[in-house]
file my_file_26.cif (mmCIF, C-alpha atoms)
data_target
loop_
_atom_site.label_atom_id
_atom_site.label_comp_id
_atom_site.auth_asym_id
_atom_site.auth_seq_id
_atom_site.Cartn_x
_atom_site.Cartn_y
_atom_site.Cartn_z
CA MET A 11 19.44 49.00 233.23
CA HIS A 12 20.74 45.91 231.41
CA PRO A 13 21.48 46.86 227.77
CA ILE A 14 23.34 43.75 226.57
CA PHE A 15 21.34 40.67 225.56
CA ILE A 16 24.29 38.56 224.48
CA LYS A 17 27.98 39.17 223.89
CA ILE A 18 30.37 36.88 222.03
CA GLY A 19 33.82 38.45 221.78
CA ASN A 20 33.35 41.84 220.14
CA PHE A 21 29.93 40.89 218.78
CA VAL A 22 27.15 42.38 220.91
CA ILE A 23 23.38 42.12 220.63
CA TYR A 24 21.47 44.66 222.69
CA TRP A 25 18.14 44.21 224.43
CA TYR A 26 16.91 47.35 222.67
CA GLY A 27 17.10 45.72 219.26
CA VAL A 28 15.77 42.40 220.55
CA LEU A 29 12.68 43.94 222.15
CA VAL A 30 11.99 46.23 219.20
CA ALA A 31 12.12 43.13 216.98
CA ILE A 32 9.85 41.19 219.35
CA GLY A 33 7.40 44.10 219.44
CA ILE A 34 7.29 44.27 215.65
CA PHE A 35 6.89 40.49 215.38
CA ILE A 36 3.94 40.34 217.80
CA ALA A 37 2.21 43.37 216.25
CA VAL A 38 2.68 41.90 212.76
CA TRP A 39 1.40 38.48 213.87
CA LEU A 40 -1.75 40.02 215.36
CA PHE A 41 -2.31 42.18 212.27
CA GLN A 42 -1.78 39.21 209.96
CA LYS A 43 -4.37 37.08 211.76
CA ASP A 44 -6.91 39.91 211.78
CA SER A 45 -6.35 40.97 208.17
CA LEU A 46 -6.79 37.39 206.94
CA ARG A 47 -10.19 37.36 208.62
CA GLU A 48 -10.95 40.63 206.84
CA GLY A 49 -10.31 38.99 203.47
CA TYR A 50 -6.90 40.37 202.45
CA GLU A 51 -4.76 38.12 200.23
CA GLU A 52 -1.63 36.65 201.80
CA LYS A 53 0.61 38.23 199.14
CA VAL A 54 -0.89 41.65 199.80
CA ILE A 55 -0.46 41.22 203.55
CA SER A 56 3.20 40.26 203.09
CA GLU A 57 3.84 43.31 200.90
CA ILE A 58 2.11 45.58 203.40
CA ILE A 59 4.11 44.18 206.32
CA PHE A 60 7.46 44.38 204.53
CA GLY A 61 6.88 47.88 203.16
CA THR A 62 5.51 49.24 206.43
CA ILE A 63 8.39 47.88 208.52
CA LEU A 64 11.07 49.02 206.07
CA SER A 65 9.65 52.52 205.61
CA GLY A 66 9.00 52.77 209.35
CA ILE A 67 12.59 51.94 210.29
CA ILE A 68 13.97 54.33 207.67
CA GLY A 69 11.65 57.10 208.83
CA ALA A 70 12.34 56.50 212.51
CA ARG A 71 16.09 56.62 212.00
CA PHE A 72 15.90 59.62 209.65
CA LEU A 73 13.90 61.74 212.10
CA HIS A 74 16.13 60.75 215.03
CA ILE A 75 19.22 61.81 213.08
CA LEU A 76 17.52 65.02 211.95
CA VAL A 77 16.57 65.98 215.51
CA ASN A 78 20.11 65.22 216.71
CA ILE A 79 21.90 66.46 213.59
CA HIS A 80 24.63 68.33 215.48
CA TYR A 81 25.73 65.11 217.19
CA TYR A 82 25.73 63.05 213.99
CA ILE A 83 27.70 65.69 212.09
CA LEU A 84 30.46 65.17 214.63
CA HIS A 85 29.96 61.37 214.76
CA PRO A 86 28.87 60.32 211.23
CA LEU A 87 29.73 56.63 211.75
CA GLU A 88 27.09 56.48 214.50
CA ILE A 89 24.39 56.93 211.84
CA ILE A 90 24.54 53.26 210.84
CA LYS A 91 24.74 51.90 214.40
CA ILE A 92 21.02 51.44 214.74
CA ARG A 93 21.32 48.51 217.16
CA ASN A 94 22.59 50.97 219.81
CA GLY A 95 19.24 52.77 219.80
CA GLY A 96 17.98 55.90 218.15
CA LEU A 97 14.57 55.51 216.52
CA ALA A 98 11.99 58.31 216.54
CA VAL A 99 8.53 56.75 216.38
CA GLU A 100 7.04 59.91 214.84
CA GLY A 101 9.28 59.37 211.81
CA ALA A 102 8.15 55.75 211.60
CA ILE A 103 4.50 56.84 211.58
CA ILE A 104 5.01 59.51 208.92
CA PHE A 105 7.07 57.37 206.53
CA SER A 106 4.86 54.30 207.01
CA LEU A 107 1.77 56.39 206.36
CA ILE A 108 3.24 57.72 203.12
CA PHE A 109 4.06 54.17 202.00
CA LEU A 110 0.59 52.84 202.89
CA ILE A 111 -1.21 55.66 201.07
CA LEU A 112 0.87 55.10 197.93
CA TYR A 113 0.56 51.31 198.15
CA THR A 114 -3.22 51.30 198.60
CA LYS A 115 -3.69 53.73 195.73
CA ILE A 116 -1.57 51.55 193.42
CA LYS A 117 -3.30 48.33 194.52
CA ARG A 118 -6.73 49.98 194.69
CA ILE A 119 -7.26 48.99 198.31
CA LEU A 120 -9.38 51.08 200.68
CA THR A 121 -6.79 53.22 202.46
CA LEU A 122 -8.75 54.04 205.59
CA LYS A 123 -9.87 50.45 206.08
CA LEU A 124 -6.26 49.28 206.05
CA LEU A 125 -5.12 52.11 208.34
CA ASP A 126 -7.85 51.22 210.83
CA GLU A 127 -6.71 47.61 210.67
CA ILE A 128 -3.05 48.41 211.31
CA ALA A 129 -3.63 51.07 213.96
CA ILE A 130 -5.15 48.59 216.41
CA PHE A 131 -1.93 46.64 216.82
CA VAL A 132 0.74 49.32 216.49
CA PRO A 133 0.61 50.20 220.23
CA VAL A 134 1.53 46.60 221.09
CA GLY A 135 4.83 46.94 219.26
CA GLN A 136 5.42 50.36 220.78
CA ALA A 137 4.77 49.11 224.31
CA ILE A 138 7.28 46.27 223.98
CA GLY A 139 9.84 48.47 222.23
CA ARG A 140 9.75 50.98 225.08
CA ILE A 141 10.80 48.24 227.50
CA GLY A 142 13.87 47.95 225.29
CA CYS A 143 14.46 51.68 225.81
CA PHE A 144 14.27 51.13 229.57
CA LEU A 145 16.84 48.32 229.51
CA ASN A 146 19.03 50.36 227.18
CA GLY A 147 18.92 53.42 229.45
CA CYS A 148 17.79 55.81 226.70
CA CYS A 149 14.72 58.05 226.75
CA TYR A 150 15.03 58.43 230.54
CA GLY A 151 13.09 60.94 232.61
CA LYS A 152 13.90 63.94 234.76
CA LYS A 153 15.22 63.69 238.29
CA THR A 154 12.56 62.82 240.84
CA ASP A 155 11.91 61.66 244.39
CA PHE A 156 8.72 59.94 243.21
CA PHE A 157 8.43 56.38 244.53
CA LEU A 158 8.54 55.02 240.98
CA GLY A 159 11.86 56.72 240.33
CA VAL A 160 14.72 54.52 239.09
CA LYS A 161 18.50 54.91 239.26
CA PHE A 162 20.52 54.40 236.09
CA PRO A 163 24.27 53.78 236.50
CA PHE A 164 25.25 56.81 234.42
CA LEU A 165 23.06 59.24 236.40
CA ASP A 166 23.65 60.58 239.89
CA LYS A 167 20.00 60.61 241.02
CA LYS A 168 16.75 58.73 240.49
CA VAL A 169 14.71 59.69 237.44
CA HIS A 170 11.22 59.10 236.13
CA PRO A 171 11.01 55.78 234.23
CA SER A 172 9.44 57.61 231.29
CA GLN A 173 10.04 54.56 229.09
CA LEU A 174 7.69 52.51 231.27
CA TYR A 175 5.14 55.35 231.37
CA TYR A 176 5.05 55.16 227.57
CA SER A 177 4.79 51.38 227.64
CA PHE A 178 1.88 51.34 230.08
CA SER A 179 0.08 54.07 228.11
CA TYR A 180 0.44 52.15 224.85
CA ILE A 181 -0.94 48.98 226.44
CA LEU A 182 -4.02 50.93 227.55
CA LEU A 183 -4.30 52.42 224.06
CA PHE A 184 -4.23 48.96 222.48
CA PHE A 185 -7.14 47.77 224.63
CA LEU A 186 -9.06 50.96 223.83
CA LEU A 187 -8.57 50.57 220.08
CA TYR A 188 -9.37 46.86 220.18
CA LYS A 189 -12.62 47.54 222.01
CA LEU A 190 -13.53 50.34 219.61
CA SER A 191 -12.83 48.06 216.64
CA LYS A 192 -15.62 45.76 217.88
CA LYS A 193 -18.12 48.60 218.09
CA PHE A 194 -17.26 50.69 215.02
CA LYS A 195 -17.03 49.55 211.43
CA LYS A 196 -13.50 49.51 210.07
CA GLY A 197 -12.88 51.55 206.95
CA GLU A 198 -13.92 55.04 208.01
CA GLY A 199 -10.59 56.06 209.52
CA PHE A 200 -12.08 56.52 213.00
CA ILE A 201 -9.85 53.96 214.75
CA PHE A 202 -6.75 55.29 213.00
CA SER A 203 -7.71 58.84 214.02
CA ILE A 204 -8.15 57.81 217.66
CA TYR A 205 -4.73 56.18 217.54
CA LEU A 206 -3.04 59.33 216.20
CA ILE A 207 -4.83 61.63 218.64
CA SER A 208 -3.98 59.34 221.57
CA PHE A 209 -0.37 58.94 220.46
CA ALA A 210 0.03 62.71 220.23
CA ILE A 211 -1.43 63.20 223.72
CA ILE A 212 0.80 60.49 225.21
CA ARG A 213 3.94 61.95 223.66
CA TYR A 214 3.08 65.55 224.53
CA PHE A 215 2.44 65.01 228.23
CA ILE A 216 4.96 62.28 229.05
CA ASP A 217 7.69 64.18 227.23
CA PHE A 218 7.44 66.88 229.91
CA LEU A 219 9.00 64.27 232.20
CA ARG A 220 11.84 63.43 229.83
CA GLY A 221 15.32 64.30 231.00
CA ASP A 222 17.29 63.61 227.82
CA LEU A 223 15.59 65.97 225.39
CA LYS A 224 16.61 69.51 224.45
CA GLU A 225 14.09 72.33 224.38
CA THR A 226 13.52 74.08 221.07
CA MET A 227 10.91 76.82 220.65
CA TRP A 228 8.24 77.89 223.15
CA GLY A 229 9.93 75.83 225.86
CA LEU A 230 8.85 72.61 224.13
CA TYR A 231 10.78 69.65 222.82
CA SER A 232 10.82 68.89 219.10
CA THR A 233 8.88 65.68 219.80
CA GLN A 234 6.13 67.71 221.45
CA ILE A 235 5.91 70.10 218.51
CA ILE A 236 5.52 67.13 216.18
CA ALA A 237 2.87 65.72 218.53
CA ILE A 238 0.97 69.02 218.39
CA LEU A 239 1.06 68.97 214.57
CA ILE A 240 -0.19 65.36 214.52
CA PHE A 241 -2.97 66.30 216.93
CA LEU A 242 -4.03 69.34 214.87
CA PHE A 243 -3.97 67.61 211.48
CA THR A 244 -5.85 64.61 212.87
CA GLY A 245 -8.35 66.91 214.55
CA ILE A 246 -9.00 68.66 211.23
CA PHE A 247 -9.47 65.28 209.55
CA ILE A 248 -11.97 64.19 212.20
CA ILE A 249 -13.93 67.44 211.82
CA LEU A 250 -14.07 67.13 208.03
CA LYS A 251 -14.73 63.40 207.98
CA PHE A 252 -17.15 62.87 210.85
CA LEU A 253 -18.54 66.18 212.06
CA MET A 254 -19.09 68.42 209.04
CA LYS A 255 -21.62 67.84 206.32
CA GLY A 256 -20.33 67.91 202.78
CA GLY A 257 -18.11 65.76 200.62
CA ASP A 258 -20.07 62.85 199.18
CA LYS A 259 -23.78 62.21 199.39
CA ASN A 260 -23.41 60.63 202.81
CA GLY A 261 -21.78 63.75 204.19
CA LYS A 262 -18.31 62.18 204.30
CA ILE A 263 -15.06 63.08 202.66
CA SER A 264 -13.80 60.45 200.23
CA PHE A 265 -10.26 59.12 200.73
#
call {"tool": "encode", "arguments": {"input": "my_file_26.cif", "output": "structure tokens"}}
result
Amino acid sequence: MHPIFIKIGNFVIYWYGVLVAIGIFIAVWLFQKDSLREGYEEKVISEIIFGTILSGIIGARFLHILVNIHYYILHPLEIIKIRNGGLAVEGAIIFSLIFLILYTKIKRILTLKLLDEIAIFVPVGQAIGRIGCFLNGCCYGKKTDFFLGVKFPFLDKKVHPSQLYYSFSYILLFFLLYKLSKKFKKGEGFIFSIYLISFAIIRYFIDFLRGDLKETMWGLYSTQIIAILIFLFTGIFIILKFLMKGGDKNGKISF
């Protein structure tokens, strides 16, 4: 655990924020290069990047505060201290998705094509950002004697490095999506669907190893319930879009 990147007097920059920023930068750079090859205009790409990042950060912070509302009611000033950590990626996905749907409808851009394009590189940013979680000491796992267990200064025993489990899983997901993008035509929503399904599975199972979350209903964490909903809604979309006949003349649902 090494949360501080640089400290000058009372001014502190944390590794969490630095690595989240680096993750976003690399994911955006990869998306920008790929989308230019796909024929998107530079102005459109810039608007997509700015809107997606802004809505994602707002959504991630909003969901984190909502899940931990009792803490933030008692500590309202902590709401604006985003550099200390506290971003829920599920909120980023939901808010960014809302923005992208609205933006593509206004600009008359194919929504699913753009979502497929973006989904390939999102795991890169997530993987790097989770390393920031590890250095920050947040999102840690349950106590363990497993050989990969790590000891954080504020805990009395070794715990699962759940942050690194996430990071490794997202790296694998990136390679999977990248390979699929070379085999399947972008624009059908298939790559985006695989991303959502995979993300939901990763969150659901790794969250069982988390030691900092509070159980809600059915012995599950709120993040797992959200993951289940993402899995179910995406599964329904896949069934309607790719498996069932109906919709347009090609047997696909228009979007």
call {"tool": "resolve_selection", "arguments": {"input": "my_file_26.cif", "expression": "the PyMOL selection byres ((chain A and resi 136-142) around 10)", "output": "ChimeraX atom specification"}}
result
/A:11-13,24-34,36-37,95,99,131-135,143-149,172-184
call {"tool": "resolve_selection", "arguments": {"input": "my_file_26.cif", "expression": "the PyMOL selection byres ((chain A and resi 168) around 10)", "output": "MDAnalysis selection string"}}
result
chainID A and resid 151:163 165:167 169:171
call {"tool": "write_last_selection", "arguments": {"input": "my_file_26.cif", "atoms": "C-alpha atoms", "output": "short mmCIF file (atom, residue, chain, number, x, y, z; two decimals), in the frame of the given file"}}
result
data_model
loop_
_atom_site.label_atom_id
_atom_site.label_comp_id
_atom_site.auth_asym_id
_atom_site.auth_seq_id
_atom_site.Cartn_x
_atom_site.Cartn_y
_atom_site.Cartn_z
CA GLY A 151 13.09 60.94 232.61
CA LYS A 152 13.90 63.94 234.76
CA LYS A 153 15.22 63.69 238.29
CA THR A 154 12.56 62.82 240.84
CA ASP A 155 11.91 61.66 244.39
CA PHE A 156 8.72 59.94 243.21
CA PHE A 157 8.43 56.38 244.53
CA LEU A 158 8.54 55.02 240.98
CA GLY A 159 11.86 56.72 240.33
CA VAL A 160 14.72 54.52 239.09
CA LYS A 161 18.50 54.91 239.26
CA PHE A 162 20.52 54.40 236.09
CA PRO A 163 24.27 53.78 236.50
CA LEU A 165 23.06 59.24 236.40
CA ASP A 166 23.65 60.58 239.89
CA LYS A 167 20.00 60.61 241.02
CA VAL A 169 14.71 59.69 237.44
CA HIS A 170 11.22 59.10 236.13
CA PRO A 171 11.01 55.78 234.23
#
call {"tool": "resolve_selection", "arguments": {"input": "my_file_26.cif", "expression": "the PyMOL selection byres ((chain A and resi 70) around 9)", "output": "ChimeraX atom specification"}}
result
/A:65-69,71-75,96-105
call {"tool": "atom_distance", "arguments": {"input": "my_file_26.cif", "atom1": "atom CA of Ile248 of chain A", "atom2": "atom CA of Thr233 of chain A"}}
result
22.2 Å
call {"tool": "closest_residue", "arguments": {"input": "my_file_26.cif", "among": "A:Ser56, A:Asn78, A:Thr244, A:Gln234", "to": "Trp39 of chain A", "atoms": "only C-alpha atoms"}}
result
A:Ser56
call {"tool": "atom_distance", "arguments": {"input": "my_file_26.cif", "atom1": "atom CA of Lys193 of chain A", "atom2": "atom CA of Ile108 of chain A"}}
result
27.6 Å
call {"tool": "closest_residue", "arguments": {"input": "my_file_26.cif", "among": "A:Leu110, A:Leu219, A:Ile16, A:Leu84", "to": "Ile58 of chain A", "atoms": "all atoms listed in the file"}}
result
A:Leu110
call {"tool": "closest_residue", "arguments": {"input": "my_file_26.cif", "among": "A:Phe164, A:Phe41, A:Tyr81, A:Phe35", "to": "Ile128 of chain A", "atoms": "all atoms listed in the file"}}
result
A:Phe41
call {"tool": "residues_around", "arguments": {"input": "my_file_26.cif", "residues": "Lys195 of chain A", "least_positions_apart": "6", "cutoff": "10 Å", "atoms": "all atoms listed in the file", "output": "list in words"}}
result
Lys123, Asp126 and Ile201 of chain A
call {"tool": "write_last_selection", "arguments": {"input": "my_file_26.cif", "atoms": "C-alpha atoms", "output": "mmCIF file, in the frame of the given file"}}
result
data_model
loop_
_atom_site.group_PDB
_atom_site.id
_atom_site.type_symbol
_atom_site.label_atom_id
_atom_site.label_comp_id
_atom_site.auth_asym_id
_atom_site.auth_seq_id
_atom_site.Cartn_x
_atom_site.Cartn_y
_atom_site.Cartn_z
ATOM 1 C CA LYS A 123 -9.870 50.450 206.080
ATOM 2 C CA ASP A 126 -7.850 51.220 210.830
ATOM 3 C CA ILE A 201 -9.850 53.960 214.750
#
call {"tool": "atom_distance", "arguments": {"input": "my_file_26.cif", "atom1": "atom CA of Glu52 of chain A", "atom2": "atom CA of Phe109 of chain A"}}
result
18.4 Å
call {"tool": "closest_residue", "arguments": {"input": "my_file_26.cif", "among": "A:Phe200, A:Phe60, A:Tyr113, A:Tyr150", "to": "Lys251 of chain A", "atoms": "all atoms listed in the file"}}
result
A:Phe200
